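Source file: query.txt. Holds: compact mmCIF, C-alpha atoms.
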# COMPACT_ATOMS: atom_id res chain seq x y z
CA MET A 1 -187.46 -193.34 -29.95
CA LYS A 2 -183.79 -192.68 -30.68
CA GLN A 3 -183.08 -189.09 -31.65
CA ASP A 4 -181.26 -188.39 -34.92
CA THR A 5 -177.86 -186.70 -34.70
CA PHE A 6 -176.97 -183.43 -36.41
CA SER A 7 -174.23 -180.83 -36.30
CA ILE A 8 -174.90 -177.14 -35.66
CA LYS A 9 -173.25 -176.24 -38.96
CA GLU A 10 -175.50 -178.69 -40.80
CA VAL A 11 -178.64 -177.15 -39.30
CA ILE A 12 -177.47 -173.61 -40.06
CA ARG A 13 -176.72 -174.55 -43.68
CA TYR A 14 -180.20 -176.02 -43.91
CA LEU A 15 -181.84 -172.91 -42.43
CA ASP A 16 -179.85 -170.70 -44.81
CA SER A 17 -181.15 -172.75 -47.74
CA GLU A 18 -184.78 -172.79 -46.57
CA ILE A 19 -184.86 -169.14 -45.39
CA PRO A 20 -182.33 -167.44 -47.71
CA ARG A 21 -180.59 -164.43 -46.25
CA SER A 22 -180.81 -162.78 -49.67
CA LEU A 23 -184.48 -162.13 -48.83
CA GLN A 24 -183.66 -159.93 -45.84
CA GLU A 25 -184.06 -156.16 -45.90
CA GLY A 26 -180.93 -154.04 -46.21
CA TYR A 27 -181.00 -152.88 -42.59
CA ASP A 28 -181.29 -156.38 -41.16
CA ASN A 29 -178.76 -158.87 -39.75
CA CYS A 30 -180.14 -162.36 -40.24
CA GLY A 31 -178.28 -165.63 -39.90
CA LEU A 32 -175.69 -166.79 -37.39
CA GLN A 33 -175.28 -164.32 -34.51
CA VAL A 34 -173.03 -166.25 -32.14
CA SER A 35 -171.18 -169.45 -33.03
CA ALA A 36 -170.38 -172.39 -30.77
CA GLU A 37 -167.05 -174.19 -30.45
CA ARG A 38 -168.73 -177.58 -30.08
CA ASP A 39 -170.44 -178.54 -33.33
CA GLU A 40 -172.48 -181.53 -32.16
CA LEU A 41 -176.10 -180.44 -31.76
CA THR A 42 -177.61 -181.30 -28.37
CA GLY A 43 -180.91 -179.44 -28.65
CA ILE A 44 -182.72 -176.52 -30.29
CA LEU A 45 -184.66 -173.83 -28.43
CA LEU A 46 -187.03 -171.55 -30.37
CA ALA A 47 -187.86 -168.01 -29.28
CA VAL A 48 -189.10 -164.71 -30.68
CA ASP A 49 -186.34 -162.75 -28.92
CA ILE A 50 -183.03 -163.48 -27.24
CA THR A 51 -182.67 -162.51 -23.59
CA GLU A 52 -180.48 -163.72 -20.75
CA GLU A 53 -183.47 -165.69 -19.43
CA VAL A 54 -183.83 -167.53 -22.73
CA ILE A 55 -180.13 -168.44 -22.72
CA HIS A 56 -180.39 -169.72 -19.13
CA GLU A 57 -183.34 -171.83 -20.28
CA ALA A 58 -181.20 -173.27 -23.10
CA ILE A 59 -178.48 -174.16 -20.58
CA GLU A 60 -180.96 -175.86 -18.26
CA THR A 61 -182.65 -177.84 -21.05
CA GLY A 62 -179.42 -178.90 -22.75
CA CYS A 63 -179.94 -176.90 -25.95
CA ASN A 64 -176.80 -175.52 -27.59
CA LEU A 65 -178.58 -173.81 -30.50
CA ILE A 66 -181.17 -171.04 -30.09
CA VAL A 67 -183.13 -170.03 -33.18
CA THR A 68 -185.01 -166.74 -32.91
CA HIS A 69 -187.03 -164.39 -35.06
CA HIS A 70 -185.51 -161.11 -33.91
CA PRO A 71 -181.71 -160.82 -34.19
CA LEU A 72 -179.72 -160.26 -31.03
CA LEU A 73 -177.17 -158.20 -32.97
CA PHE A 74 -178.71 -155.46 -35.10
CA LYS A 75 -176.00 -152.83 -34.91
CA GLY A 76 -172.28 -152.99 -34.35
CA VAL A 77 -171.23 -153.89 -30.81
CA LYS A 78 -168.15 -151.91 -29.78
CA GLN A 79 -167.52 -153.77 -26.55
CA ILE A 80 -168.64 -156.92 -24.76
CA SER A 81 -169.27 -155.98 -21.15
CA GLN A 82 -172.11 -156.21 -18.64
CA ARG A 83 -173.56 -152.82 -19.59
CA THR A 84 -176.52 -153.85 -21.81
CA TYR A 85 -178.69 -156.93 -22.09
CA ILE A 86 -177.25 -157.53 -25.57
CA GLU A 87 -173.66 -157.56 -24.31
CA ARG A 88 -174.60 -159.73 -21.32
CA ALA A 89 -176.44 -162.18 -23.59
CA VAL A 90 -173.48 -162.46 -25.95
CA ARG A 91 -171.12 -163.10 -23.01
CA LEU A 92 -173.45 -165.70 -21.53
CA ALA A 93 -173.88 -167.53 -24.85
CA ILE A 94 -170.13 -167.63 -25.54
CA LYS A 95 -169.31 -168.70 -21.99
CA ASN A 96 -171.74 -171.64 -22.26
CA ASP A 97 -170.88 -172.48 -25.88
CA ILE A 98 -174.38 -171.79 -27.23
CA ALA A 99 -174.96 -170.80 -30.85
CA ILE A 100 -177.59 -168.20 -31.75
CA TYR A 101 -179.28 -167.91 -35.15
CA ALA A 102 -181.91 -165.40 -36.30
CA ALA A 103 -184.42 -165.49 -39.18
CA HIS A 104 -186.05 -162.06 -39.31
CA THR A 105 -187.09 -160.13 -42.42
CA ASN A 106 -185.99 -163.02 -44.62
CA LEU A 107 -188.63 -165.11 -42.83
CA ASP A 108 -191.10 -162.21 -43.25
CA ASN A 109 -190.46 -161.99 -47.02
CA LEU A 110 -190.39 -165.74 -47.58
CA LYS A 111 -193.09 -167.55 -49.51
CA GLY A 112 -194.73 -169.59 -46.77
CA GLY A 113 -193.18 -167.30 -44.13
CA VAL A 114 -194.61 -165.25 -41.26
CA ASN A 115 -197.41 -163.55 -43.15
CA TYR A 116 -198.39 -166.69 -45.06
CA LYS A 117 -198.56 -168.56 -41.76
CA TRP A 118 -200.97 -165.94 -40.37
CA ALA A 119 -203.08 -166.00 -43.54
CA ASP A 120 -203.33 -169.77 -43.32
CA MET A 121 -204.42 -169.55 -39.67
CA MET A 122 -207.10 -167.04 -40.62
CA GLY A 123 -208.33 -169.10 -43.57
CA LEU A 124 -207.51 -166.51 -46.23
CA GLU A 125 -207.67 -167.54 -49.89
CA ASN A 126 -206.03 -166.21 -53.09
CA CYS A 127 -203.07 -164.88 -51.10
CA ARG A 128 -200.28 -162.73 -52.57
CA THR A 129 -197.76 -160.29 -51.16
CA ILE A 130 -198.67 -156.63 -50.81
CA THR A 131 -195.34 -155.37 -52.20
CA PRO A 132 -193.26 -158.00 -54.04
CA LEU A 133 -189.49 -157.84 -53.73
CA GLU A 134 -187.86 -155.83 -56.51
CA GLN A 135 -185.02 -157.21 -58.67
CA SER A 136 -185.41 -160.60 -57.04
CA ILE A 137 -185.43 -162.50 -60.34
CA TYR A 138 -182.56 -163.19 -62.73
CA LYS A 139 -182.54 -164.45 -66.30
CA LEU A 140 -179.92 -167.16 -66.87
CA ILE A 141 -178.60 -167.91 -70.35
CA VAL A 142 -176.26 -170.87 -70.72
CA TYR A 143 -174.62 -171.95 -73.97
CA VAL A 144 -174.28 -175.73 -74.17
CA PRO A 145 -173.47 -178.29 -76.88
CA ASN A 146 -176.58 -179.95 -78.26
CA SER A 147 -175.50 -183.29 -76.82
CA HIS A 148 -175.87 -181.96 -73.24
CA ALA A 149 -178.78 -179.52 -73.59
CA ASP A 150 -181.41 -181.90 -72.21
CA ALA A 151 -179.16 -182.89 -69.30
CA ILE A 152 -178.73 -179.21 -68.31
CA ARG A 153 -182.47 -178.57 -68.55
CA LEU A 154 -183.24 -181.65 -66.46
CA ALA A 155 -180.68 -180.77 -63.78
CA LEU A 156 -182.07 -177.24 -63.47
CA ARG A 157 -185.66 -178.47 -63.32
CA ASP A 158 -184.88 -181.13 -60.70
CA ASN A 159 -183.32 -178.45 -58.49
CA GLY A 160 -186.21 -176.00 -58.66
CA VAL A 161 -184.75 -173.58 -61.22
CA GLY A 162 -187.16 -172.31 -63.85
CA VAL A 163 -190.31 -172.29 -61.72
CA GLN A 164 -192.90 -169.74 -62.77
CA GLY A 165 -196.21 -169.80 -60.97
CA ALA A 166 -197.73 -173.28 -61.26
CA TYR A 167 -195.20 -174.36 -63.91
CA ASP A 168 -191.71 -175.82 -63.51
CA GLY A 169 -188.88 -176.55 -65.92
CA CYS A 170 -189.64 -173.32 -67.80
CA SER A 171 -187.02 -172.50 -70.44
CA PHE A 172 -186.51 -171.31 -74.00
CA ALA A 173 -183.78 -172.39 -76.43
CA VAL A 174 -182.18 -170.98 -79.58
CA GLY A 175 -179.78 -172.98 -81.74
CA GLY A 176 -176.50 -171.60 -83.02
CA GLN A 177 -172.81 -172.22 -83.56
CA GLY A 178 -170.32 -171.87 -80.72
CA ARG A 179 -166.83 -170.90 -81.92
CA PHE A 180 -163.60 -170.96 -79.87
CA ARG A 181 -159.92 -171.89 -79.84
CA ALA A 182 -158.40 -173.87 -76.97
CA LEU A 183 -155.11 -172.41 -75.72
CA ASP A 184 -152.13 -174.08 -74.03
CA GLY A 185 -153.05 -175.54 -70.64
CA SER A 186 -156.67 -176.16 -71.58
CA ASP A 187 -158.44 -179.53 -71.66
CA PRO A 188 -161.16 -179.04 -74.28
CA TYR A 189 -164.20 -181.31 -74.29
CA VAL A 190 -164.39 -180.86 -78.08
CA GLY A 191 -161.75 -179.57 -80.48
CA HIS A 192 -157.99 -179.45 -80.07
CA GLN A 193 -155.47 -177.05 -78.59
CA GLY A 194 -154.38 -174.31 -80.95
CA GLN A 195 -157.17 -174.97 -83.46
CA TRP A 196 -160.40 -173.11 -84.08
CA HIS A 197 -163.49 -175.22 -83.44
CA THR A 198 -167.16 -174.73 -84.25
CA GLU A 199 -169.75 -176.68 -82.23
CA PRO A 200 -173.55 -176.83 -82.69
CA GLU A 201 -174.90 -175.38 -79.43
CA GLU A 202 -178.13 -174.29 -77.78
CA ALA A 203 -178.59 -171.10 -75.81
CA ILE A 204 -180.92 -172.09 -72.96
CA PHE A 205 -182.86 -169.25 -71.35
CA THR A 206 -184.41 -169.73 -67.91
CA MET A 207 -185.08 -167.74 -64.76
CA CYS A 208 -184.30 -168.11 -61.08
CA HIS A 209 -184.79 -166.21 -57.88
CA LYS A 210 -181.96 -164.24 -56.36
CA HIS A 211 -181.69 -166.62 -53.43
CA ASP A 212 -181.28 -169.56 -55.84
CA LEU A 213 -178.68 -167.92 -58.07
CA SER A 214 -175.50 -169.37 -56.53
CA ARG A 215 -177.01 -172.84 -56.44
CA ALA A 216 -178.21 -172.57 -60.06
CA LEU A 217 -174.74 -171.53 -61.24
CA GLY A 218 -173.24 -174.47 -59.35
CA ILE A 219 -175.71 -176.89 -60.97
CA ILE A 220 -174.85 -175.58 -64.44
CA ARG A 221 -171.10 -175.90 -63.86
CA GLN A 222 -171.48 -179.43 -62.50
CA SER A 223 -173.61 -180.57 -65.45
CA HIS A 224 -171.83 -178.71 -68.24
CA PRO A 225 -169.17 -180.61 -70.24
CA TYR A 226 -167.02 -177.54 -70.93
CA GLU A 227 -164.36 -176.54 -68.42
CA GLU A 228 -165.21 -172.87 -69.13
CA PRO A 229 -168.99 -172.71 -69.68
CA VAL A 230 -170.41 -169.38 -70.86
CA ILE A 231 -173.24 -168.21 -68.59
CA ASP A 232 -175.03 -164.86 -68.77
CA VAL A 233 -176.69 -163.58 -65.58
CA VAL A 234 -179.14 -160.75 -66.24
CA PRO A 235 -181.13 -158.99 -63.49
CA ILE A 236 -184.68 -158.27 -64.66
CA GLN A 237 -187.41 -156.00 -63.38
CA ASN A 238 -190.06 -158.73 -63.10
CA THR A 239 -191.32 -159.33 -59.58
CA ASP A 240 -192.62 -162.54 -58.05
CA PRO A 241 -195.82 -161.95 -56.02
CA ALA A 242 -194.90 -164.92 -53.81
CA TYR A 243 -191.96 -163.10 -52.16
CA GLY A 244 -192.14 -159.74 -50.45
CA ALA A 245 -193.63 -157.68 -47.65
CA GLY A 246 -197.07 -158.29 -46.17
CA ILE A 247 -199.90 -160.40 -47.52
CA VAL A 248 -203.42 -159.85 -48.80
CA GLY A 249 -206.13 -162.46 -49.25
CA GLU A 250 -209.86 -163.02 -49.04
CA LEU A 251 -212.02 -164.67 -46.42
CA PRO A 252 -214.51 -167.19 -47.82
CA GLU A 253 -217.36 -164.84 -46.86
CA PRO A 254 -217.56 -161.22 -45.62
CA ILE A 255 -217.69 -160.81 -41.84
CA THR A 256 -218.12 -157.88 -39.49
CA VAL A 257 -215.06 -156.12 -38.10
CA GLU A 258 -216.10 -157.22 -34.61
CA CYS A 259 -216.16 -160.89 -35.73
CA LEU A 260 -212.73 -160.46 -37.30
CA PHE A 261 -211.33 -159.12 -34.04
CA GLU A 262 -212.80 -162.04 -32.11
CA LYS A 263 -211.29 -164.47 -34.62
CA ILE A 264 -207.87 -162.88 -34.12
CA LYS A 265 -208.18 -163.14 -30.34
CA ASP A 266 -209.20 -166.80 -30.61
CA LEU A 267 -206.20 -167.72 -32.77
CA MET A 268 -203.46 -165.50 -31.34
CA PRO A 269 -202.23 -164.38 -27.90
CA VAL A 270 -203.86 -160.97 -28.39
CA SER A 271 -205.62 -159.20 -25.57
CA VAL A 272 -205.57 -155.58 -26.77
CA ILE A 273 -206.56 -154.45 -30.28
CA ALA A 274 -206.20 -150.81 -31.36
CA HIS A 275 -207.63 -149.43 -34.58
CA SER A 276 -208.37 -146.26 -36.51
CA LYS A 277 -211.85 -145.27 -37.60
CA VAL A 278 -213.75 -148.24 -39.04
CA LEU A 279 -214.44 -147.38 -42.68
CA LYS A 280 -216.14 -150.64 -43.69
CA PRO A 281 -218.30 -152.51 -41.14
CA MET A 282 -218.12 -155.68 -43.29
CA VAL A 283 -214.73 -156.92 -44.49
CA ARG A 284 -213.52 -159.75 -46.71
CA ARG A 285 -210.21 -158.78 -48.32
CA ILE A 286 -207.71 -158.68 -45.46
CA ALA A 287 -204.15 -157.31 -45.53
CA TYR A 288 -201.60 -158.24 -42.88
CA CYS A 289 -197.97 -157.64 -41.98
CA GLY A 290 -196.40 -158.99 -38.81
CA GLY A 291 -194.25 -156.67 -36.70
CA SER A 292 -193.79 -153.01 -37.63
CA GLY A 293 -195.76 -152.98 -40.86
CA ALA A 294 -197.47 -149.60 -40.85
CA PHE A 295 -195.30 -148.56 -43.83
CA LEU A 296 -197.49 -150.86 -45.95
CA ARG A 297 -200.78 -149.12 -45.13
CA ARG A 298 -201.12 -147.22 -48.41
CA ALA A 299 -199.99 -150.23 -50.43
CA ALA A 300 -202.62 -152.35 -48.66
CA ALA A 301 -205.28 -149.80 -49.59
CA SER A 302 -204.04 -149.72 -53.21
CA VAL A 303 -204.56 -153.49 -53.61
CA GLY A 304 -208.16 -153.12 -52.49
CA ALA A 305 -207.92 -154.43 -48.94
CA ASP A 306 -210.90 -153.69 -46.69
CA ILE A 307 -208.74 -153.57 -43.56
CA PHE A 308 -205.02 -153.66 -42.71
CA ILE A 309 -203.66 -155.43 -39.63
CA THR A 310 -200.12 -155.16 -38.31
CA GLY A 311 -198.18 -155.32 -35.05
CA GLU A 312 -197.57 -151.66 -34.27
CA ALA A 313 -197.92 -148.17 -35.69
CA LYS A 314 -197.17 -144.56 -34.78
CA TYR A 315 -199.79 -142.17 -33.44
CA ASN A 316 -200.16 -140.22 -36.68
CA ASP A 317 -200.55 -143.42 -38.70
CA TYR A 318 -204.06 -143.78 -37.25
CA TYR A 319 -204.95 -140.26 -38.40
CA ASP A 320 -203.49 -140.85 -41.87
CA ALA A 321 -205.47 -144.09 -42.22
CA MET A 322 -208.79 -142.25 -41.85
CA ASP A 323 -208.72 -141.38 -45.57
CA ASP A 324 -208.04 -144.79 -47.09
CA ILE A 325 -208.24 -147.94 -44.91
CA THR A 326 -208.92 -149.09 -41.37
CA LEU A 327 -205.59 -149.60 -39.59
CA VAL A 328 -205.49 -152.26 -36.86
CA THR A 329 -202.60 -153.03 -34.50
CA ILE A 330 -202.46 -156.13 -32.31
CA GLY A 331 -199.01 -155.75 -30.72
CA HIS A 332 -195.58 -156.40 -32.24
CA TYR A 333 -194.77 -159.47 -30.15
CA GLU A 334 -198.28 -160.84 -30.47
CA SER A 335 -198.21 -160.55 -34.28
CA GLU A 336 -195.00 -162.58 -34.50
CA GLU A 337 -195.40 -165.12 -31.70
CA LEU A 338 -196.37 -167.63 -34.39
CA THR A 339 -192.78 -167.59 -35.71
CA LYS A 340 -191.89 -170.28 -33.16
CA SER A 341 -194.30 -172.79 -34.69
CA LEU A 342 -193.28 -171.69 -38.19
CA LEU A 343 -189.58 -172.28 -37.45
CA ARG A 344 -190.42 -175.63 -35.88
CA ASP A 345 -192.30 -176.66 -39.04
CA ILE A 346 -189.28 -175.77 -41.16
CA LEU A 347 -186.84 -177.61 -38.90
CA CYS A 348 -189.02 -180.71 -38.61
CA LYS A 349 -188.93 -181.19 -42.38
CA LYS A 350 -185.26 -182.07 -42.02
CA MET A 351 -185.19 -183.46 -38.49
CA PRO A 352 -188.59 -184.97 -37.60
CA LYS A 353 -187.14 -187.15 -34.83
CA PHE A 354 -185.12 -184.38 -33.16
CA VAL A 355 -186.56 -182.61 -30.14
CA VAL A 356 -187.17 -178.91 -30.84
CA ARG A 357 -188.36 -176.90 -27.82
CA TYR A 358 -190.41 -173.73 -27.53
CA SER A 359 -188.99 -171.27 -25.05
CA ALA A 360 -191.17 -170.85 -21.98
CA ARG A 361 -189.27 -167.72 -20.91
CA CYS A 362 -189.45 -165.72 -24.11
CA ALA A 363 -191.91 -163.02 -23.11
CA ASN A 364 -193.35 -159.83 -24.50
CA PRO A 365 -191.20 -156.89 -23.30
CA ILE A 366 -194.33 -154.71 -23.27
CA HIS A 367 -196.51 -155.01 -20.16
CA TYR A 368 -200.16 -153.98 -20.13
CA VAL A 369 -202.30 -152.73 -17.26
CA ARG A 370 -205.84 -154.10 -17.56

Could you write out this file's structure as C-alpha cells?
Amino acid sequence: MKQDTFSIKEVIRYLDSEIPRSLQEGYDNCGLQVSAERDELTGILLAVDITEEVIHEAIETGCNLIVTHHPLLFKGVKQISQRTYIERAVRLAIKNDIAIYAAHTNLDNLKGGVNYKWADMMGLENCRTITPLEQSIYKLIVYVPNSHADAIRLALRDNGVGVQGAYDGCSFAVGGQGRFRALDGSDPYVGHQGQWHTEPEEAIFTMCHKHDLSRALGIIRQSHPYEEPVIDVVPIQNTDPAYGAGIVGELPEPITVECLFEKIKDLMPVSVIAHSKVLKPMVRRIAYCGGSGAFLRRAAASVGADIFITGEAKYNDYYDAMDDITLVTIGHYESEELTKSLLRDILCKKMPKFVVRYSARCANPIHYVR
C-alpha cells in the first residue's frame, strides 16, 4: 500500500487544531520544541519522553518527527552543550534534522484526552472532569444584516461553533437597526460614502471555547458581507465539564478495591500499586488523573468519588487522604504510557495510510527492585 505524503508543518498544524495549546496549564510548554529544516515528513515516532535513545531510534527508523507527551523543553535553556541530557538531545535532533513536538497538559485537559482514554479502558460511564477549566468559554455577538444572518449561523454551526452539550448550532438573535456612515476609502456593502445609512440587522449571540475563538472569528469575517464587521467577544464564567483536569465516572457495578487493582494491572503496564488506608472496600465511582495528580485529591472527594487514582503523590498526601478518600498511585510513567496509543488515534484520523511508530526505547526513568 502506497503511503500518503505529508509535510511536518501540515502535521503540526493539525495537531495544534486537534489538541489546542490554549488548553495547556500556565507552567507548561506544549507544541513544537525543535523544528526541522526539511519539511517533507518521512516518519513519525511516538514516545512518552524524549531521550537521546529515542532520537537515535528515530534516526535508525527514518522518522524525522517525534511526537511526545512530556515536553523536552520545560524551562529556558541558556546554552546548548553536552552537559545535560536535554542539551544533548536538542543538539542531536538539530544535527539530524529531526522535529520534536509535545502534547502535555493540553492533552490532559482535552475532551477525549489522557484521562478520557483511561476511563474508556476501564469501562467507566457518565464521565466528566473533576475540575473544569475556568474562563474557557466566550460569548460571541455578531451584528449582521438580515440578508446574511442565516449564512453566518450556518457557517458557525458547520465549523463546530455553538455546541452546548448534546446540541449544536446554539444561538440567540435580536433584531435592530444598524447605523453608520462610510468614510473616504471605504467600500460599503450597503449605503454610500459620506452618507448616513440605517440597515435592518440581527445581533446573533453564540458561544465558543477558548481554543476555537480565533477560528470562529475567522469564520465570521469570511462569511460577513461588511468589510468592518462588529463582533463582541465576552469572556464568561461558565465552565464546560468536558474540558479540565482529571476525570470521574462510574463502573457498571460496584467491585472490591482488590478487583479494581487487578483490573488496572491487566490493562496497564503497572507492577507496583501504592495506596493510603482503604476507606471503602467496595467502589464504583472512580476518579483518575494521569501523571502528578495528587492536587486533585480533595476535589475528587468533593464530587463523591469512592477512590482516587493518579500517577504519583508526596508522602504526606497519603496521610492527608486518610480523612476523605483512598489515594492510589500507580507510577507517573505507567499512568501516561497510554498517551502513545492516544496520539496515534489522533494522527490516524488525518493520515490512516501513514506509518506511525511506537518507540521501543522510551522507558520509565524509575527502576524498581522486586

Which is closest to Ser292 of chain A among A:Asp108, A:Tyr189, A:Tyr167, A:Tyr138, if we use all atoms listed in the file?
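The shortest atom-to-atom distance to Ser292 of chain A comes from A:Asp108.
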
Selected residue, from A:Tyr288, A:Tyr143, A:Phe6, A:Tyr27, that lies nearest to Thr129 of chain A when counting all atoms listed in the file:
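When distances to Thr129 of chain A are compared using all atoms listed in the file, the smallest one comes from A:Tyr288.
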
Nearest to Pro241 of chain A: which of A:Ala313, A:Leu92, A:Met268, A:Ile137 is it, counting all atoms listed in the file?
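Of A:Ala313, A:Leu92, A:Met268, A:Ile137, the one nearest Pro241 of chain A is A:Ile137, counting all atoms listed in the file.
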
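Pairwise distance (atom CA of Cys127 of chain A, atom CA of Ile255 of chain A) equals 17.8 Å.
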
Neighbour list for segment 68-76 of chain A as a list in words, cut-off 7 Å, all atoms listed in the file, skip fewer than 3 positions in-chain
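Counting only the stated atoms, we get Asp28, Asn29, Cys30, Gln33, Leu46, Ala47, Val48, Asp49, Ile50, Ile86, Tyr101, Ala102, Ala103, His104 and Thr339 of chain A.
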
Can those selected residues be exported to a file as a PDB file, keeping the file's coordinate frame so that it contains C-alpha atoms?
ATOM      1  CA  ASP A  28    -181.290-156.380 -41.160  1.00  0.00           C
ATOM      2  CA  ASN A  29    -178.760-158.870 -39.750  1.00  0.00           C
ATOM      3  CA  CYS A  30    -180.140-162.360 -40.240  1.00  0.00           C
ATOM      4  CA  GLN A  33    -175.280-164.320 -34.510  1.00  0.00           C
ATOM      5  CA  LEU A  46    -187.030-171.550 -30.370  1.00  0.00           C
ATOM      6  CA  ALA A  47    -187.860-168.010 -29.280  1.00  0.00           C
ATOM      7  CA  VAL A  48    -189.100-164.710 -30.680  1.00  0.00           C
ATOM      8  CA  ASP A  49    -186.340-162.750 -28.920  1.00  0.00           C
ATOM      9  CA  ILE A  50    -183.030-163.480 -27.240  1.00  0.00           C
ATOM     10  CA  ILE A  86    -177.250-157.530 -25.570  1.00  0.00           C
ATOM     11  CA  TYR A 101    -179.280-167.910 -35.150  1.00  0.00           C
ATOM     12  CA  ALA A 102    -181.910-165.400 -36.300  1.00  0.00           C
ATOM     13  CA  ALA A 103    -184.420-165.490 -39.180  1.00  0.00           C
ATOM     14  CA  HIS A 104    -186.050-162.060 -39.310  1.00  0.00           C
ATOM     15  CA  THR A 339    -192.780-167.590 -35.710  1.00  0.00           C
TER      16      THR A 339
END
